[in-house]
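Here's run-v2.cif, which has mmCIF, C-alpha atoms:
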data_start
#
loop_
_atom_site.label_atom_id
_atom_site.label_comp_id
_atom_site.auth_asym_id
_atom_site.auth_seq_id
_atom_site.Cartn_x
_atom_site.Cartn_y
_atom_site.Cartn_z
CA MET S 1 -7.55 -3.25 22.04
CA ARG S 2 -4.92 -4.16 19.44
CA THR S 3 -1.74 -2.13 19.10
CA ALA S 4 -1.00 -0.08 15.99
CA TYR S 5 1.60 -2.68 15.10
CA ASP S 6 -1.06 -5.45 15.32
CA VAL S 7 -3.47 -3.49 13.09
CA VAL S 8 -0.86 -2.89 10.37
CA LYS S 9 0.47 -6.45 10.63
CA ALA S 10 -3.10 -7.71 10.05
CA HIS S 11 -3.23 -5.61 6.84
CA TYR S 12 -0.02 -7.19 5.55
CA ASP S 13 -1.13 -10.68 6.59
CA ALA S 14 -4.30 -10.14 4.53
CA ASN S 15 -2.15 -8.87 1.65
CA ASP S 16 -0.14 -12.11 1.77
CA ARG S 17 -3.41 -14.09 1.55
CA ARG S 18 -4.66 -11.85 -1.32
CA ASP S 19 -7.62 -11.01 0.95
CA MET S 20 -8.85 -7.57 -0.14
CA ASP S 21 -11.64 -7.46 2.46
CA GLY S 22 -9.06 -8.14 5.15
CA MET S 23 -6.75 -5.45 3.76
CA LEU S 24 -9.56 -2.88 3.90
CA ALA S 25 -11.12 -4.05 7.18
CA ASP S 26 -9.22 -1.73 9.53
CA ILE S 27 -9.20 1.37 7.32
CA ALA S 28 -11.11 4.18 9.03
CA PRO S 29 -13.87 5.92 7.04
CA ASP S 30 -11.80 9.13 7.16
CA CYS S 31 -8.40 7.52 6.52
CA ARG S 32 -6.10 9.68 4.36
CA TRP S 33 -4.10 7.41 2.06
CA THR S 34 -1.27 9.08 0.10
CA GLU S 35 0.48 7.50 -2.86
CA MET S 36 3.71 9.31 -3.70
CA ALA S 37 3.91 11.98 -6.42
CA GLY S 38 5.24 10.39 -9.60
CA PHE S 39 3.66 7.01 -8.81
CA PRO S 40 1.05 5.78 -11.35
CA CYS S 41 -1.83 6.29 -8.89
CA ALA S 42 -0.37 9.32 -7.10
CA GLY S 43 -2.67 11.32 -4.86
CA THR S 44 -4.40 11.36 -1.51
CA TYR S 45 -7.58 9.35 -1.19
CA VAL S 46 -10.02 9.39 1.73
CA GLY S 47 -11.95 6.35 2.90
CA ARG S 48 -12.14 2.71 1.85
CA ASP S 49 -14.03 3.24 -1.42
CA GLU S 50 -11.62 5.88 -2.77
CA ILE S 51 -8.60 3.88 -1.62
CA PHE S 52 -9.87 0.66 -3.19
CA ARG S 53 -10.82 2.32 -6.49
CA ASN S 54 -7.82 4.64 -6.91
CA VAL S 55 -5.09 2.39 -5.53
CA PHE S 56 -5.82 -1.33 -5.38
CA LEU S 57 -8.17 -1.56 -8.37
CA ALA S 58 -6.05 0.87 -10.43
CA LEU S 59 -2.84 -1.07 -9.78
CA GLY S 60 -4.58 -4.34 -10.65
CA GLU S 61 -5.70 -2.84 -13.96
CA MET S 62 -2.15 -1.66 -14.81
CA PHE S 63 -0.03 -4.58 -13.58
CA ASP S 64 0.00 -8.36 -13.52
CA GLY S 65 1.33 -9.94 -10.36
CA TYR S 66 1.59 -6.61 -8.54
CA SER S 67 2.88 -7.42 -5.07
CA PHE S 68 4.42 -6.01 -1.92
CA LYS S 69 6.85 -8.14 0.06
CA LEU S 70 7.30 -6.99 3.64
CA GLU S 71 10.88 -7.15 4.90
CA ARG S 72 10.63 -5.26 8.21
CA LEU S 73 7.84 -3.80 10.31
CA LEU S 74 8.91 -1.19 12.86
CA ASP S 75 6.80 -0.31 15.89
CA ALA S 76 6.78 3.42 16.74
CA GLY S 77 3.75 3.56 19.03
CA ASP S 78 0.77 4.94 17.12
CA ASP S 79 2.93 4.99 13.98
CA VAL S 80 4.23 1.92 12.18
CA VAL S 81 6.88 1.86 9.45
CA ALA S 82 7.06 -0.93 6.89
CA ILE S 83 10.02 -1.55 4.62
CA GLY S 84 9.78 -3.81 1.61
CA VAL S 85 9.73 -4.30 -2.14
CA TYR S 86 7.13 -3.87 -4.87
CA ASN S 87 7.16 -6.16 -7.92
CA GLY S 88 4.96 -6.42 -10.96
CA LYS S 89 4.67 -6.58 -14.72
CA ASN S 90 3.01 -3.85 -16.73
CA LYS S 91 0.08 -5.30 -18.68
CA ARG S 92 0.53 -3.04 -21.69
CA THR S 93 4.32 -3.26 -22.16
CA GLY S 94 5.08 -6.63 -20.56
CA LYS S 95 7.98 -5.04 -18.66
CA ASP S 96 8.76 -6.13 -15.10
CA PHE S 97 9.78 -3.84 -12.26
CA THR S 98 11.16 -4.08 -8.74
CA ALA S 99 11.15 -1.04 -6.45
CA ARG S 100 12.12 -0.51 -2.82
CA VAL S 101 9.37 1.03 -0.71
CA VAL S 102 8.60 2.43 2.74
CA HIS S 103 5.07 2.75 4.11
CA VAL S 104 4.32 4.99 7.09
CA TRP S 105 1.08 4.20 8.91
CA GLY S 106 -0.84 6.14 11.54
CA VAL S 107 -3.27 4.20 13.73
CA ALA S 108 -5.71 5.47 16.36
CA GLY S 109 -8.70 3.85 18.01
CA ASP S 110 -7.91 0.46 16.45
CA LYS S 111 -8.23 1.91 12.91
CA ILE S 112 -5.82 3.02 10.21
CA ARG S 113 -6.13 6.81 10.03
CA ARG S 114 -3.34 7.62 7.58
CA PHE S 115 -0.93 5.99 5.18
CA GLU S 116 1.94 7.48 3.20
CA GLN S 117 4.06 5.73 0.60
CA PHE S 118 7.70 6.47 -0.28
CA THR S 119 9.11 4.55 -3.25
CA ASP S 120 11.34 4.66 -6.29
CA THR S 121 8.61 5.82 -8.66
CA TRP S 122 10.98 5.77 -11.63
CA ARG S 123 11.30 1.97 -11.49
CA VAL S 124 7.50 1.59 -11.65
CA VAL S 125 6.90 4.24 -14.33
CA GLU S 126 9.82 2.95 -16.43
CA SER S 127 7.98 -0.39 -16.79
CA MET S 128 5.05 1.48 -18.34
CA HIS S 129 7.09 2.80 -21.28
#
Could you take the file, read its structure, and then write that structure out as structure tokens?
Amino acid sequence: MRTAYDVVKAHYDANDRRDMDGMLADIAPDCRWTEMAGFPCAGTYVGRDEIFRNVFLALGEMFDGYSFKLERLLDAGDDVVAIGVYNGKNKRTGKDFTARVVHVWGVAGDKIRRFEQFTDTWRVVESMH
């Protein structure tokens, strides 16, 4: 069985390849995915379909070149912490943004069970106005 670190690393490796199927592959059917209050797609979404629709698809509709660059991945057993940077350009305004971000992952039984995002929401929202 893979470690939690391996499962989350596989998600980010898929992200780097722009492989959405790979990014969603290890998300448990009951995964609780929380985007921070104040973020454009804020909320908690359960399962692959809700996560895809309300996070990945929504961000793709709002931003060109939306990306996450992983800087550090910290192994905390069943929890994994990622530190990095978001970048993108708002499609409506043409404004770019860069925002620091931390992701906290919970993994059990070789599947991602929870995700929580912490970021500078102002930087992202500012690009929308």
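Coordinates place atom CA of Val80 of chain S at a distance of 8.2 Å from atom CA of His103 of chain S.
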Env of Val124 of chain S: 10 Å cut, atoms = only C-alpha atoms, seq-sep filter 3 positions within chain, self excluded. Answer as a list in words. Gly38, Phe39, Pro40, Phe63, Tyr86, Asn87, Gly88, Lys89, Asn90, Lys95, Asp96, Phe97, Thr98, Ala99, Thr119, Asp120, Thr121, Ser127, Met128 and His129 of chain S
Separation of atom CA of Val125 of chain S from atom CA of Asp79 of chain S in Å: 28.6 Å
Could you tell me which residues the PyMOL selection byres ((chain S and resi 30) around 12) grabs in this file, written as a tab-separated table (two decimals) with C-alpha atoms, in the coordinates of the input?
chain	number	residue	atom	x	y	z
S	26	ASP	CA	-9.22	-1.73	9.53
S	27	ILE	CA	-9.20	1.37	7.32
S	28	ALA	CA	-11.11	4.18	9.03
S	29	PRO	CA	-13.87	5.92	7.04
S	31	CYS	CA	-8.40	7.52	6.52
S	32	ARG	CA	-6.10	9.68	4.36
S	33	TRP	CA	-4.10	7.41	2.06
S	44	THR	CA	-4.40	11.36	-1.51
S	45	TYR	CA	-7.58	9.35	-1.19
S	46	VAL	CA	-10.02	9.39	1.73
S	47	GLY	CA	-11.95	6.35	2.90
S	48	ARG	CA	-12.14	2.71	1.85
S	49	ASP	CA	-14.03	3.24	-1.42
S	50	GLU	CA	-11.62	5.88	-2.77
S	51	ILE	CA	-8.60	3.88	-1.62
S	107	VAL	CA	-3.27	4.20	13.73
S	108	ALA	CA	-5.71	5.47	16.36
S	111	LYS	CA	-8.23	1.91	12.91
S	112	ILE	CA	-5.82	3.02	10.21
S	113	ARG	CA	-6.13	6.81	10.03
S	114	ARG	CA	-3.34	7.62	7.58
S	115	PHE	CA	-0.93	5.99	5.18
Separation of atom CA of Arg92 of chain S from atom CA of Thr34 of chain S in Å: 25.0 Å
